[in-house]
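my_file-v6.txt follows; it contains compact mmCIF, C-alpha atoms.
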```txt
# COMPACT_ATOMS: atom_id res chain seq x y z
CA MET A 1 123.58 177.02 130.20
CA LYS A 2 122.95 176.71 126.47
CA ILE A 3 119.46 176.26 125.08
CA VAL A 4 119.44 173.44 122.60
CA LYS A 5 117.05 173.72 119.69
CA ASN A 6 116.16 171.33 116.83
CA HIS A 7 118.19 168.49 118.19
CA SER A 8 117.21 164.88 118.64
CA LEU A 9 116.15 163.68 122.08
CA ASP A 10 119.25 161.52 122.34
CA GLU A 11 121.60 164.39 121.70
CA VAL A 12 119.82 166.64 124.19
CA CYS A 13 119.87 163.99 126.82
CA MET A 14 123.50 163.20 126.21
CA GLN A 15 124.35 166.89 126.58
CA THR A 16 122.28 167.35 129.71
CA GLY A 17 123.69 164.14 131.08
CA THR A 18 127.25 165.36 130.73
CA VAL A 19 126.49 168.83 132.08
CA LEU A 20 124.17 168.04 134.95
CA GLY A 21 125.58 164.71 136.04
CA GLN A 22 122.61 162.84 137.53
CA SER A 23 119.67 164.37 135.77
CA LEU A 24 116.07 163.16 135.63
CA HIS A 25 116.42 162.19 131.97
CA ARG A 26 119.46 160.03 132.41
CA PRO A 27 117.92 156.53 132.78
CA THR A 28 115.65 157.00 129.74
CA CYS A 29 118.51 158.50 127.76
CA TYR A 30 120.68 155.52 128.56
CA LYS A 31 117.95 153.16 127.32
CA MET A 32 117.45 155.13 124.12
CA SER A 33 121.13 155.17 123.26
CA GLU A 34 121.35 151.42 123.93
CA ARG A 35 118.40 150.78 121.64
CA THR A 36 119.85 152.83 118.79
CA ALA A 37 123.14 150.99 119.18
CA LYS A 38 121.35 147.66 118.89
CA VAL A 39 119.53 148.77 115.74
CA LYS A 40 122.82 149.89 114.24
CA GLU A 41 124.39 146.53 115.12
CA ASN A 42 121.56 144.66 113.45
CA LYS A 43 121.94 146.79 110.35
CA LYS A 44 125.64 146.10 110.24
CA LYS A 45 125.22 142.33 110.76
CA SER A 46 126.25 140.47 107.64
CA ASN A 47 123.67 138.26 105.87
CA ILE A 48 126.26 136.63 103.61
CA ASP A 49 127.39 133.11 104.41
CA SER A 50 130.86 131.62 103.92
CA ASP A 51 130.12 130.64 100.28
CA GLY A 52 129.38 134.26 99.34
CA THR A 53 125.60 133.72 99.14
CA ILE A 54 123.21 136.42 100.31
CA GLN A 55 120.76 134.80 102.72
CA ILE A 56 117.13 135.82 102.32
CA PRO A 57 114.26 134.62 104.54
CA ALA A 58 111.75 132.26 102.91
CA PRO A 59 108.49 133.79 101.63
CA LYS A 60 105.28 132.92 103.44
CA GLY A 61 103.13 132.25 100.39
CA ILE A 62 103.36 130.72 96.94
CA GLY A 63 102.32 132.30 93.67
CA ASN A 64 100.30 130.34 91.06
CA LYS A 65 98.96 127.98 93.70
CA GLU A 66 95.86 127.26 91.59
CA HIS A 67 98.03 125.86 88.82
CA TYR A 68 99.78 123.52 91.25
CA GLN A 69 96.41 122.39 92.58
CA ARG A 70 95.32 121.66 89.03
CA LEU A 71 98.44 119.56 88.39
CA ASN A 72 97.82 117.71 91.62
CA TYR A 73 94.24 116.97 90.65
CA LEU A 74 95.30 115.71 87.22
CA ILE A 75 97.97 113.34 88.52
CA GLN A 76 95.66 111.90 91.16
CA SER A 77 92.88 111.38 88.63
CA SER A 78 95.34 109.74 86.28
CA ALA A 79 96.54 107.40 89.05
CA PHE A 80 92.96 106.48 89.89
CA LEU A 81 92.22 105.64 86.26
CA ALA A 82 95.45 103.68 85.86
CA THR A 83 94.93 101.57 88.97
CA GLN A 84 91.16 101.12 89.24
CA ILE A 85 90.03 100.98 85.61
CA ARG A 86 92.47 98.56 84.08
CA ASP A 87 92.12 99.68 80.50
CA LYS A 88 94.70 98.12 78.20
CA ASP A 89 95.69 101.37 76.52
CA GLU A 90 95.20 103.53 79.63
CA ALA A 91 94.03 106.22 77.19
CA LEU A 92 92.29 108.60 79.60
CA SER A 93 94.95 108.25 82.26
CA ARG A 94 97.66 109.07 79.72
CA ASN A 95 95.65 112.01 78.42
CA TYR A 96 95.49 113.49 81.92
CA ILE A 97 99.26 113.20 82.30
CA LYS A 98 99.70 114.83 78.89
CA ASN A 99 97.48 117.72 79.99
CA MET A 100 99.48 118.02 83.17
CA ASP A 101 102.72 118.21 81.23
CA SER A 102 101.46 120.90 78.87
CA ILE A 103 100.10 122.99 81.77
CA ARG A 104 103.43 122.64 83.52
CA LYS A 105 105.33 123.80 80.47
CA LYS A 106 102.99 126.70 79.72
CA ASN A 107 103.10 128.08 83.26
CA GLN A 108 106.71 127.14 84.00
CA LEU A 109 105.88 125.06 87.07
CA ALA A 110 108.31 122.68 88.72
CA LEU A 111 107.63 119.05 89.61
CA SER A 112 109.72 117.00 91.99
CA PRO A 113 112.15 114.48 90.43
CA HIS A 114 110.27 111.64 92.16
CA MET A 115 107.18 112.62 90.22
CA LYS A 116 109.00 112.93 86.90
CA ARG A 117 110.56 109.50 87.39
CA GLN A 118 107.14 107.96 87.74
CA VAL A 119 105.92 109.11 84.34
CA CYS A 120 106.97 107.75 80.93
CA LYS A 121 108.09 110.60 78.68
CA LYS A 122 107.08 108.84 75.49
CA CYS A 123 103.60 107.46 76.15
CA GLN A 124 102.76 109.50 79.30
CA ARG A 125 101.91 106.40 81.34
CA LEU A 126 102.07 106.48 85.10
CA LEU A 127 104.76 103.87 85.80
CA ILE A 128 103.67 101.20 88.28
CA ALA A 129 106.05 98.32 88.98
CA GLY A 130 104.53 94.93 88.29
CA ARG A 131 101.96 96.33 85.84
CA ASN A 132 103.54 98.49 83.18
CA LEU A 133 107.12 98.81 84.39
CA GLN A 134 110.07 96.43 84.31
CA MET A 135 113.16 97.18 86.36
CA LYS A 136 116.61 95.73 85.90
CA ILE A 137 120.18 96.52 86.90
CA MET A 138 122.40 96.25 83.83
CA ASN A 139 126.12 96.37 83.46
CA GLY A 140 127.61 97.03 80.05
CA SER A 141 131.20 97.09 81.18
CA LYS A 142 133.62 94.92 79.19
CA LYS A 143 136.27 95.08 81.91
CA LYS A 144 136.56 92.42 84.57
CA GLY A 145 137.67 93.32 88.03
CA LYS A 146 136.78 94.81 91.36
CA ASN A 147 135.33 98.05 90.06
CA LEU A 148 132.71 96.32 87.93
CA ARG A 149 129.89 97.63 90.14
CA LYS A 150 130.80 101.18 89.16
CA SER A 151 129.15 100.77 85.78
CA ASP A 152 125.85 99.48 87.16
CA VAL A 153 122.86 101.15 85.53
CA LEU A 154 119.29 100.81 86.74
CA VAL A 155 116.95 100.58 83.74
CA TYR A 156 113.24 101.36 83.95
CA GLN A 157 111.48 99.98 80.90
CA CYS A 158 107.93 101.07 80.18
CA ILE A 159 105.47 98.76 78.46
CA CYS A 160 105.79 100.98 75.34
CA GLY A 161 109.51 100.20 75.13
CA GLU A 162 110.88 103.53 76.33
CA THR A 163 113.70 103.26 78.87
CA LYS A 164 115.00 105.47 81.64
CA LYS A 165 118.54 104.87 82.83
CA PHE A 166 119.97 105.78 86.22
CA PRO A 167 123.73 105.25 86.79
CA ILE A 168 123.45 103.99 90.37
CA GLY A 169 126.91 102.40 90.44
CA LYS A 170 128.74 105.65 89.72
CA ASP A 171 128.04 107.18 93.11
CA PRO A 172 126.04 104.94 95.48
CA THR A 173 125.81 107.73 98.06
CA TYR A 174 124.29 110.18 95.55
CA GLN A 175 121.44 112.26 96.88
CA LEU A 176 119.10 114.56 95.03
CA HIS A 177 119.34 118.23 96.02
CA LEU A 178 115.88 118.10 97.57
CA GLU A 179 116.72 114.95 99.56
CA LYS A 180 119.35 116.85 101.54
CA PRO A 181 118.18 117.90 105.00
CA GLY A 182 116.70 121.39 105.36
CA ILE A 183 116.24 122.02 101.64
CA LEU A 184 112.48 121.50 101.35
CA ILE A 185 110.38 124.00 103.29
CA ASN A 186 106.72 123.43 104.09
CA VAL A 187 104.44 126.36 103.40
CA MET B 1 124.37 152.90 101.48
CA ASN B 2 127.25 152.57 103.91
CA SER B 3 130.61 151.15 102.97
CA LEU B 4 130.04 147.77 104.70
CA GLN B 5 126.89 147.05 102.69
CA LYS B 6 128.69 148.11 99.51
CA GLU B 7 131.52 145.76 100.32
CA GLU B 8 129.11 142.91 101.00
CA LYS B 9 127.39 143.41 97.66
CA ARG B 10 130.74 143.37 95.93
CA VAL B 11 131.84 140.13 97.59
CA ALA B 12 128.53 138.25 97.19
CA LYS B 13 128.31 136.11 94.06
CA ARG B 14 125.03 134.31 94.60
CA ARG B 15 121.79 134.92 96.39
CA GLN B 16 119.36 132.50 97.97
CA VAL B 17 116.12 131.87 96.10
CA TYR B 18 113.07 129.77 96.94
CA LYS B 19 111.32 127.89 94.14
CA PRO B 20 107.89 126.32 94.58
CA ILE B 21 107.82 122.62 93.70
CA LEU B 22 105.02 120.07 93.54
CA GLU B 23 105.87 116.90 95.43
CA ASN B 24 104.42 113.57 94.40
CA PRO B 25 101.35 112.90 96.54
CA PHE B 26 102.09 109.15 96.31
CA THR B 27 105.81 108.83 97.01
CA ASN B 28 106.03 109.80 100.62
CA GLU B 29 108.81 107.41 101.61
CA ALA B 30 108.10 107.70 105.31
CA LYS B 31 104.64 106.25 104.73
CA LEU B 32 105.53 103.88 101.87
CA TRP B 33 107.72 101.68 104.02
CA PRO B 34 105.88 99.84 106.80
CA HIS B 35 106.90 100.80 110.31
CA VAL B 36 109.11 98.32 112.23
CA THR B 37 108.76 98.50 116.00
CA ASP B 38 112.13 97.04 117.03
CA GLN B 39 114.57 97.30 114.15
CA LYS B 40 117.64 96.18 116.10
CA LEU B 41 115.93 92.98 117.25
CA VAL B 42 114.74 92.28 113.72
CA LEU B 43 118.29 92.70 112.40
CA GLU B 44 119.66 90.37 115.09
CA LEU B 45 117.02 87.77 114.27
CA LEU B 46 117.83 88.02 110.57
CA GLU B 47 121.52 87.60 111.29
CA GLU B 48 121.01 84.59 113.52
CA LYS B 49 118.38 82.74 111.52
CA VAL B 50 119.16 83.60 107.90
CA LEU B 51 122.59 85.14 107.31
CA LYS B 52 124.55 82.69 109.47
CA ARG B 53 122.72 79.72 107.96
CA TRP B 54 123.49 81.00 104.44
CA LYS B 55 127.16 81.41 105.35
CA LEU B 56 127.34 77.93 106.82
CA LEU B 57 125.69 76.29 103.83
CA GLN B 58 127.97 78.20 101.44
CA ASP B 59 131.02 76.97 103.35
CA MET B 60 129.73 73.42 103.07
CA GLY B 61 129.21 73.89 99.35
CA ASN B 62 125.39 73.81 99.35
CA ASN B 63 122.94 76.43 98.16
CA GLU B 64 120.01 77.70 100.22
CA GLU B 65 117.05 77.69 97.84
CA SER B 66 114.71 79.61 100.14
CA ILE B 67 116.91 82.71 100.10
CA THR B 68 117.21 84.97 97.08
CA VAL B 69 119.54 87.94 96.91
CA GLY B 70 120.17 90.64 94.32
CA PHE B 71 117.80 93.18 92.80
CA ASN B 72 117.26 91.50 89.43
CA GLU B 73 116.59 88.05 90.93
CA ILE B 74 114.16 89.42 93.50
CA VAL B 75 112.23 91.49 90.94
CA ASP B 76 112.00 88.46 88.62
CA LEU B 77 110.75 86.24 91.41
CA LEU B 78 108.12 88.70 92.58
CA SER B 79 106.78 89.19 89.05
CA HIS B 80 105.71 85.56 88.60
CA GLY B 81 104.01 82.85 90.67
CA LYS B 82 102.27 82.83 94.00
CA ASP B 83 103.92 82.18 97.37
CA GLU B 84 104.73 83.75 100.75
CA TYR B 85 107.88 85.81 101.16
CA MET B 86 109.67 88.23 103.46
CA LEU B 87 111.71 90.95 101.84
CA PHE B 88 114.48 92.57 103.94
CA VAL B 89 115.83 95.82 102.50
CA CYS B 90 118.59 98.13 103.77
CA ASN B 91 116.62 101.08 102.43
CA LYS B 92 118.67 103.73 104.23
CA ASP B 93 121.92 102.58 102.61
CA LEU B 94 120.61 102.40 99.03
CA PRO B 95 119.92 105.09 96.41
CA SER B 96 116.31 106.25 96.51
CA VAL B 97 115.71 105.51 92.82
CA LEU B 98 116.53 101.82 93.37
CA ILE B 99 114.06 101.28 96.18
CA SER B 100 111.28 103.72 95.26
CA GLN B 101 109.26 101.13 93.30
CA LEU B 102 109.88 98.16 95.62
CA PRO B 103 106.88 98.71 97.96
CA ILE B 104 104.61 99.14 94.91
CA LEU B 105 106.00 95.93 93.41
CA CYS B 106 105.35 94.05 96.67
CA GLU B 107 101.78 95.38 96.73
CA THR B 108 100.96 94.63 93.08
CA SER B 109 102.63 91.21 93.16
CA ASP B 110 100.54 88.02 93.40
CA HIS B 111 102.81 86.85 96.20
CA THR B 112 102.15 87.67 99.83
CA VAL B 113 105.16 89.78 100.74
CA THR B 114 106.11 91.12 104.17
CA LEU B 115 108.30 94.14 103.50
CA VAL B 116 110.85 94.83 106.25
CA GLN B 117 113.08 97.89 106.34
CA LEU B 118 116.39 97.50 108.14
CA PRO B 119 118.32 100.14 110.12
CA ARG B 120 121.12 102.29 108.73
CA LEU B 121 124.48 100.55 107.98
CA SER B 122 122.93 97.07 108.05
CA SER B 123 124.27 96.45 104.53
CA ALA B 124 127.68 95.84 106.16
CA LYS B 125 126.23 92.68 107.70
CA PHE B 126 124.96 91.62 104.27
CA ASP B 127 128.47 92.19 102.85
CA ASP B 128 129.91 90.02 105.58
CA ALA B 129 127.44 87.17 105.06
CA PHE B 130 127.08 87.08 101.27
CA ARG B 131 130.75 87.93 100.50
CA ASP B 132 131.22 87.78 96.71
CA VAL B 133 127.53 87.30 95.88
CA VAL B 134 125.90 90.49 94.59
CA HIS B 135 123.12 91.30 97.05
CA ASP B 136 122.24 94.99 96.34
CA GLY B 137 121.29 95.41 100.01
CA MET B 138 118.20 93.21 99.83
CA CYS B 139 117.31 89.62 100.66
CA LEU B 140 114.12 87.67 99.97
CA VAL B 141 113.25 84.76 102.25
CA ARG B 142 110.56 82.20 101.38
CA THR B 143 108.53 81.33 104.43
CA HIS B 144 108.50 77.57 104.07
CA ALA B 145 108.79 75.00 106.90
CA HIS B 146 112.22 76.00 108.19
CA TYR B 147 111.50 79.74 108.42
CA GLN B 148 107.91 79.66 109.70
CA ASP B 149 108.75 80.51 113.33
CA PHE B 150 111.06 83.25 112.16
CA ALA B 151 108.31 84.65 109.95
CA LYS B 152 105.87 84.66 112.87
CA MET B 153 108.33 86.59 115.04
CA ILE B 154 108.99 89.12 112.29
CA SER B 155 105.30 89.65 111.48
CA THR B 156 104.62 90.74 115.09
CA LYS B 157 107.24 93.49 114.74
CA VAL B 158 106.25 94.81 111.31
CA GLU B 159 103.11 96.65 110.30
CA PRO B 160 101.35 95.39 107.15
CA LEU B 161 102.16 97.12 103.87
CA SER B 162 99.49 99.52 102.69
CA ILE B 163 99.54 101.79 99.65
CA PRO B 164 96.04 103.30 99.63
CA TRP B 165 96.22 105.05 96.25
CA LEU B 166 96.60 101.69 94.50
CA HIS B 167 93.21 100.52 95.78
CA SER B 168 90.97 103.52 96.35
CA ALA B 169 90.42 107.09 95.25
CA GLN B 170 91.30 109.35 98.14
CA PHE B 171 92.06 112.91 97.12
CA LYS B 172 95.03 114.53 98.83
CA LYS B 173 95.89 118.20 99.13
CA ALA B 174 98.52 119.56 96.76
CA PRO B 175 101.89 118.99 98.48
CA VAL B 176 103.49 122.23 97.28
CA LYS B 177 106.79 123.00 99.00
CA LEU B 178 109.54 125.56 98.66
CA LEU B 179 112.91 124.40 97.43
CA ALA B 180 115.81 126.43 98.82
CA THR B 181 118.48 126.98 96.21
CA THR B 182 120.82 129.72 94.96
CA ALA B 183 121.02 131.88 91.83
CA PRO B 184 123.90 133.98 90.49
CA ILE B 185 123.81 137.74 90.93
CA ILE B 186 123.90 139.36 87.51
CA LYS B 187 124.99 142.96 87.64
CA LYS B 188 122.97 145.30 85.45
CA GLN B 189 124.88 146.93 82.63
CA GLY B 190 123.99 150.26 81.03
CA LYS B 191 122.64 150.32 77.50
CA GLN B 192 125.39 150.43 74.91
CA GLY B 193 125.59 153.49 72.74
CA LYS B 194 123.56 155.63 75.09
CA GLN B 195 125.34 158.85 75.83
CA VAL B 196 125.43 160.10 79.34
CA PRO B 197 124.64 163.88 79.49
CA SER B 198 127.51 165.89 80.90
```
Take the structure from the file and write it as C-alpha cells.
Amino acid sequence: MKIVKNHSLDEVCMQTGTVLGQSLHRPTCYKMSERTAKVKENKKKSNIDSDGTIQIPAPKGIGNKEHYQRLNYLIQSSAFLATQIRDKDEALSRNYIKNMDSIRKKNQLALSPHMKRQVCKKCQRLLIAGRNLQMKIMNGSKKKGKNLRKSDVLVYQCICGETKKFPIGKDPTYQLHLEKPGILINV
Amino acid sequence: MNSLQKEEKRVAKRRQVYKPILENPFTNEAKLWPHVTDQKLVLELLEEKVLKRWKLLQDMGNNEESITVGFNEIVDLLSHGKDEYMLFVCNKDLPSVLISQLPILCETSDHTVTLVQLPRLSSAKFDDAFRDVVHDGMCLVRTHAHYQDFAKMISTKVEPLSIPWLHSAQFKKAPVKLLATTAPIIKKQGKQGKQVPS
C-alpha cells in the first residue's frame, strides 16, 4: 500500500475509501466531500438577475448619519416655527430651510421627493395648504375632445408667486421610484 | 477568477447600489389618513345615500347643492367659510402628489371636515355615478338636514383626523432609509500614452 504524503484530508480519504472499501474514515470523508461540493456550488451560483444587474446585499449602516440628523432637526424646527409662530414673513423658518438646503448641497445628501415638494425653491417656505399654498388643476389644452384630461397639470402656487407644476394627467398611474414596493429599506 | 465569474462580469451592465435618503418626518401617508374600520360598508353607504341620489337628481334635471365634486371646487370651498363637511377620497387610485396636501388642508381649514379614505378601485363607482362631471376621485358632502344620519353612521367608522406636527412640537428621529437602485458598470481604461514595458 502506498504512503500518501502532503495531500489534503479529502484526497487521502478518497484514496483509502477506494482501496479499503469500508474504512473507518469513510463517513467523515463523505461529509467533507459533500461540504466542499456545496461551497463550490455556492461560489458558482450567479448573482446577476435577468436585467443584467449584479445583486449586492444591502449595507447594515449609513455613512454621514450626523448630517442627516442635522437636516432632520432643521426641517422640524422650521415646521414648528412656521406653524406655531405665525410670523408674516416666516423669516426664521425660511432661514432654517435655507441652511438645510446648503448643508444638503455641500455634503451631497439626498432628500425624498415628498420633502422637496413641500418646500418652495424660491423663498424657502415650508408649503402648508390653506396657509401659504394654493393648489389648482389647470388645463391649457386648446383641443376639445375625450383626451382633454391628458393635459391636466396640478399647480402648487406659493404665497411668493413661485409655482410648481406636476403633469398628473399624462400618466395617472405614475409612481415615484421610491413608492414602488420593496425599494425603500429600513436601517 | 474562473471562467464563469469572468463571463458574468462581461454580461453584467449594471450593479445594484443603495443610496441613503432622508424621508419627510411629516408625510407618512399611512398615518396622515385617518383609519376607517369598515371600508366596504362605508363605500356601500356612500353609494346608497349619496351617489344614487345624485344620479337620480341629475336624471330629473336638478342639481344637488350639498354635494361638491372635483379637486378645484373642493379646495375652493374648504378655503373659505365655516361649515361641517365629509370628504370622501379614493386615495389609492389617485397620484400621491394630488392627495398629499389634502389632509393638511382639512386640518388647517375653518370648516369641520371628516376625512374618509375609500378602498382601492372605488373611483369606478364615482365614474358610474358622476358620468361626464369631472370628479377627480373625490366628493365633498355637506352634513345638513338630509345627510345628518348618514354623517353619524360614517363618524362611528372613521377615526378623527390628527396631524400632530401642525399643533405641537414633538421631535421625531431622523427617518433615514436606503433606496435600492442601480448604477452602470464603467470599465476602467488604462492611461493613454503610457507605454507598457515589454
Report task. Would you list the contacts of stretch 159-162 of chain A as a ChimeraX atom specification, taking every protein, DNA or RNA residue within 9 Å and counting only C-alpha atoms, but skipping same-chain residues closer than 5 positions in sequence? Result -> /A:120-123,125,127,131-134
Report task. Check the smallest atom-to-atom distance from each of B:Ser100, B:Thr143, B:Asn91, B:Gln189 to chain A using all atoms listed in the file, then report the winner. Result ->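 Going through B:Ser100, B:Thr143, B:Asn91, B:Gln189 one by one, the smallest distance to chain A is for B:Ser100.
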Report task. Tell me the residues of chain B close to chain A, meaning within 8 Å using only C-alpha atoms, as an MDAnalysis selection string. Result -> chainID B and resid 4:5 8 11:18 20:25 27 71:72 75 79 93:98 101:102 104:105 108:109 165:169 171 173:174 176:182
Query raised in the report: Between atom CA of B:Glu73 and atom CA of A:Leu126, what is the spacing in Å?
Result: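 Atom CA of B:Glu73 lies 24.2 Å from atom CA of A:Leu126.
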Query - One-decimal distance in Å that lies between atom CA of B:Val141 and atom CA of B:Leu77 - result: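 Taking atom CA of B:Leu77 and atom CA of B:Val141, their separation equals 11.2 Å.
Between atom CA of A:Gln124 and atom CA of A:Lys98 there is a distance of 6.2 Å.
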Query raised in the report: Do you know which residues lie at most 12 Å from (131.7, 88.1, 95.6), with coordinates as in the file and all atoms listed in the file counted, and could you write them as JSON, numbers by chain?
Result: {"A": [145, 146, 147, 148, 149], "B": [70, 126, 127, 128, 129, 130, 131, 132, 133, 134, 135, 136]}
Requested in this report: Can you pull out every residue within 10 Å of B:Ile154, counting all atoms listed in the file, but drop anything in the same chain fewer than 2 positions away, and send it as a list in words?
Outcome: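 The residues that qualify are Val36, Asp38, Leu41, Val42, Leu43, Leu45, Leu46, Met86, Thr114, Val116, Gln148, Asp149, Phe150, Ala151, Lys152, Thr156, Lys157, Val158 and Glu159 of chain B.
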